[in-house]
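Undergrad: Okay, handing you the structure first.
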Amino acid sequence: MSPPRLTGALRSFSTVSKQEDFTLELYDLKAKRLKRQELFAREGLTWPKVAQLFTQHQEKKEQQSASQELKNILQAAKQIVGTEFGQDTIESAAVFLFKTFHNKDQVGHEETRAIKQMFGPFPASAAEASCVAVGRLVALLGESHVEAFIQTQSSSKTVGHGATFGRNITFSFDSYVLDTQDALPWEEEQGEGRSLDFNSFLNNHVGGRRTEVETVGASSVSALSQSSAESSILRREVEKYLSGGNMGSSSAEELCTSLFEMLSSTKSDDELQNELFEFLGPEGFEMISVLLQRRSDIVDSLLSGPPDNKLSYPPDGILKSTETVKPTYGCQVTIQSEQERQMMKLYRREEKRERKREKRSDDGEYSEATFHFDPKELRLQREQALLTARRSPVLGRQREYERPRYPHVYDSYAEATKTSAFIGGAKMLLPEGIQRENNKMFEQVEIPPNEPMPIGFQEKPVYISDLDEIGQLVFKGMKRLNRIQSIVFETGYNTNENMLVCAPTGAGKTNIAMLTVLHEIRQHLQPGGVIRKDQFKIVYVAPMKALAAEMTNYFSKRLEPLGITVKELTGDMQLTKGEILRTQMLVTTPEKWDVVTRKSVGDVGLSQIVRLLILDEVHLLHEDRGPVLESLVARTLRQVESTQSMIRILGLSATLPNYLDVASFLHVNPYIGLFFFDSRFRPVPLGQTFVGIKTTNKIQQLHDMEEVCYDKVLEQIKAGHQVMVFVHARNSTVRTAMSLIEMAKNRGESSFFQPDQGPDYGHCEKQWLHQDEREMTDIIATVRDSNLKLTLAFGIGMHHAGLHERDRKTVEELFVNCKIQVLIATSTLAWGVNFPAHLVIVKGTEYYDGKTHRYVDYPITDVLQMMGRAGRPQFDDQGKAVILVHDIKKDFYKKFLYEPFPVESSLLGVLSDHLNAEIAAGTITSKQDAMDYITWTYFFRRLVMNPSYYNLDDTSHETINKFLSNLVERSLRDLECSYCMEIQEDERTIEPLTYGRIASYYYLKHQTVRMFKERLKPELPVHELLTILTDAEEYAELPVRHNEDQLNSELAQRLPLQVNPHSYDSAHTKTHLLLQAHFSRAQVPCSDYITDTKTVLDNAIRICQAMLDVAANEGWLVSALSICNLVQMIVQARWLHDSSLLTLPHIEQRNLYLFRRWSSRGGQGGGRGYQGPIEVLPELMAACEGREEIFTAMVREELQPQQISQAWVFLTHLPVVEVSLSVKGWWEGCEEQTERALSTGITNIREQSSWLPVHADQEYVLQVSLQRLNMGQQRRRQDTRAHAPRFPKPKDEGWFLVLGEVEKKELLAVKRVGYIRNRSVASVAFFTPEQTRKCIYTLYLMSDSYLGLDQQYDIHLNVIPASISAQVNTEVSDSMNSMSFK
């Protein structure tokens, strides 16, 4: 599939349309340095002259000393330049060093910079040595003599040291079309001596050239002098203002220009007065009154310039030699478009920067800071803008000061910023009705809810009864769509436009998604009401697994009448390819869909049939998972562009400030598909209260925060409302709940915690527990967590990831059904199941970041999401949100919530991994393709809009091109160092490597596969593999919370394998300890460790699979088998050296004697099977012969009947697999491909019949037939799961087929086999040795789920001489097979 080309809108900032010479671009800096050295070499001073100066007319002893120092200088020059250059270059460098250090005592900053700019990075020792040598030489003759010699010899032609690198890169003006109607100045007039002096141009624009001024009539002269007099008012006032010490960083010219722009604007005097006061401050009060009184005179005088029809460029110096025609700032009087105004601002900003740089530099010395700025280019652009404006009629040109208005954007903040009273966000931060409270403990600011947006004239509600039959079926039970859904209805339900819908939490965005789903279904509706379900796929991407499960249930119920199948596809819910193909709608997470689309490039059955992609919570683009969303959208858009297929994208988001950028990224037409609804559209208006705790003492701060929290909670409970409190950590849920209970007891208010009594429960609204005491007692009995048992009895629920899933469900149901009034939860609940409360309290806005080991602020999106849970549409007319913060953070958060920062991209940190995925998939094959890929991302949009955030100086074509080129070069270099890809000799083409494909397939970071490549060895035991596994980069983000290093130290003392005692605060060490505890089934210190273990195990299998592929790629048999064993250990939570009998439920180490003594008791069950001591599972299964009574007789002394039954069920479900082998291939003398059976029970290897003859150096296929013997009853779909109670998610049984040669410890082939339902045949291709000999290959059948069930079979091969005919037949057969597959 050829990669797509850029659209015109994006081509402006890339070089896709130009066929550039990449080899020149790559070595650009190097070429410039060589050119600089060449220019220096042309100067009069040469090395032979220097040598002659110090060696002639000297004593012999001094000559030897001088010769030695000259050699030292040459040696230093050689080290600085490098050995790849010739003697001429080295001598030229030596001359440069001599000139640099001849009057210097040491290597200073300026000298270092000069050498670096001439030669690039250099060893400091070489510069020091050359400085010392030059000093000794100069001492021989004297400094004045040497200085005179240099002045005499140097050529008058000096090198332009002021020219910075990169200046000769061609600048594309195609990307800056200032006005399509006007030609550029050089197209109209050709001539020599044009000046780019900006002041000269401005003078010329107002007053005309000197010659033209002389030819005008007397009336014109008098008019000009009159206008100059009027305009001098502005100049005089400005100079007077600046002389008072105000605005020291601005010049009179700049201030005049800025003031004139304000005076000539369309704003009223009142509006302008506010703006000028903000601009000039109180010191400019007098000046403001004068300017406003004479406003019209000043503006008219500066607009009265001579009517030139053409712009001419006088030679430099002509105007400078004459008197300056004032006022030069008058040239700024133009009727400007918005684009020109922005260009002018850019010019002033860059000129100011340039002046600051010049002040810092010394006497013409240039600094590296100026390397990225060329003021002449900016001046030229500005001059063209002025020329364009000057030619247009003054009154005929429409002024455009406002940005476009989009029909479906309801943004009160954007409207407010346009008003005259808007100063620094004050209009938004100080609404009417604000209430303040200030006491010793805290300061409180209470902001009332916004007034709802008035209903527009054209707004009409959409009633379900007016929809077609499909719409009525799906929305059954609803009367009409809400206000937001009605506004979006026409675009969502009746068009195929991409959409971005930004609306407050709880506004009904899920039903907007349903509208687009129904539109897609209607596209495939056949006459007669039949839906062609095989023609489309709908993918809903939810940010969290919990939300994905909720969305799956919702869409399943709604779409069930249409027969549409909705399935969840996440890390916890795996689907087979067949199930995916039979499903019309998939609800997944970003990471899972990224994996699926990576693997299914070219798979028509899945990614090519997707017709609608719904992205929920798009505002998470700036968080850690944002790059995955960027990658998904970029991949989808590239697919649309390259295949010309139609994939609709719907983005759902909370309110975000830069919605236009996100809309552009999703390719949304802002006039049709962009919908933005601010807080005025909340279904329940939200009042917000900010409480700042004043004390700086941490202990007192916690206490005061608890007290304020209690007061707020109690106030709402007394009113009969529910309250949700969000805290930063799991242990804080317990601490907060206990604190509430304790305070209630201390204040004598524990009566509010008593259970309801009597028949008038419905009227009692002063209990926290709205539940009959007996019912609650029964519920509490089912709860596992001891703390939760206690708090539930008082009507307080807790919710966090450390609770058992059943406990979380219990709490959710109690709260939703109003049985408990208070719920204390961690922030993750805000993103999960949607159940609101009347009051939401955000108790603190910091959390402990395990990666950085410090407390950091919540992302503002998290705070908004938590606040969004306030207000229940069914019950409340308004919701309340209280944010408890430190006093110093109160204003900070208030500003954040009302003047939020734009959502930025976080792609830069993981760009290499996403590029690797595209390279492995074949969609990026060159550096230019990588540049193209970046332009499809959200990062590219924000780079252009906010360059400083990404450390970019400006947004010129050249700068962005350089920045992206360096970014691509650096990312590809990282991938090349990780063995993921290689750059071909042409320095343009990119070739993926095996390790890159492994990283992409298993969703690993490139650093992880690099670590595998460097640390995996041919023979590694399991404990060393465990260390490599836990050092994977994927575990670097496992949280190590506050004080957990101490817990890790204590846990390490109880585990068998030692870890580095100095790294207990390391995420990798914690991972190692958690896996050891998992294998040892040891007790972990706290519930957080249980959740962390689940996280570790979730990633462990795929990382091990990647390790196995690396070992297979290297042909390491021993390590591959050890990795298979490590996978078994992870699934069964046992050490490899443990008895496999311990995997039986309820069987512990102390019970193993029951099986060992079975043979000594003579097999009391009367079985005829295995009669020896039982040590492993296969022996136990053979001894029982499928009879439960035999097993019962073995273990009834130690186990209860129910435990025996559970252990027996596990034993009967263990796979008993019979293996038969054959080899398929060509033999000499055979006219067709034949298959020869192998005996798996060879006893005498001396017999010739035991050896299978095969031709040398030829491919054969080992056919492995696997038959399951213990089927018993027909197993259902869920019975394919392995019995692994300690593994956190369902795991299907599977097998590894490993073929190797034990004698050479060489792995020949690996094959993965899924669940064996009845009978399965696997084909393993292998090549025979090149030499004729007898060899034994061994086939290992390794379970990926159970310990102790592995099998191995020897394959005896007699390698006979190669057969040409057999080889030809094999190759022909292979090619025919490949053609049939295509």
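By convention here, the chains of the structure tokens are called A, B, ... in the order presented, each chain's residues are numbered starting at 1, and ligands are numbered starting at 1 in the order presented.
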Applying 10 Å and only C-alpha atoms, which residues near Asp1031 (chain A) remain after dropping the ones on its own chain fewer than 2 positions away? List them as a PyMOL selection string.

TA: chain A and resi 1008+1011-1012+1025-1029+1033-1036+1067-1069+1071-1072

Undergrad: Write out as a count of residues only all residues of region 849-1091 of chain A that DSSP puts in helix (DSSP H, G or I) for this structure's backbone.

TA: 134

Undergrad: Choose the residue, out of A:Ile919, A:Ala830, A:Val596, A:Leu674, that has the smallest atom-to-atom separation from Ile487 (chain A); count only C-alpha atoms.

TA: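 When distances to Ile487 (chain A) are compared using only C-alpha atoms, the smallest one comes from A:Leu674.
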
Undergrad: Could you tell me how far CA of Glu1148 (chain A) lies from CA of Gln1200 (chain A), in Å and to one decimal?

TA: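 These atoms are spaced 13.9 Å apart.
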
Undergrad: Could you go through region 970-1177 of chain A and tell me which residues DSSP, when run on the backbone, assigns to strand (DSSP E), listing them as a PyMOL selection string?

TA: chain A and resi 981-983+990-992

Undergrad: Residues within 8 Å of Ser1080 (chain A), please, as a VMD selection string. Count only C-alpha atoms; anything in the same chain fewer than 2 positions from it doesn't count.

TA: chain A and resid 1055 1076 to 1078 1082 1133 to 1135

Undergrad: Just give me the gap between CA of Val1219 (chain A) and CA of Ser1265 (chain A) in Å, one decimal is fine.

TA: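 Computing it gives 5.7 Å between the two atoms.
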
Undergrad: As a list in words, please: the residues near Leu702 (chain A) (cut-off 12 Å, only C-alpha atoms, same-chain neighbours under 4 positions excluded).

TA: Met441, Ile693, Lys694, Thr695, Thr696, Asn697, Lys698, Glu706, Glu707, Val708, Cys709, Ser732, Arg735, Thr736, Ser739, Lys843, Gly844, Leu884, Val885 and His886 of chain A
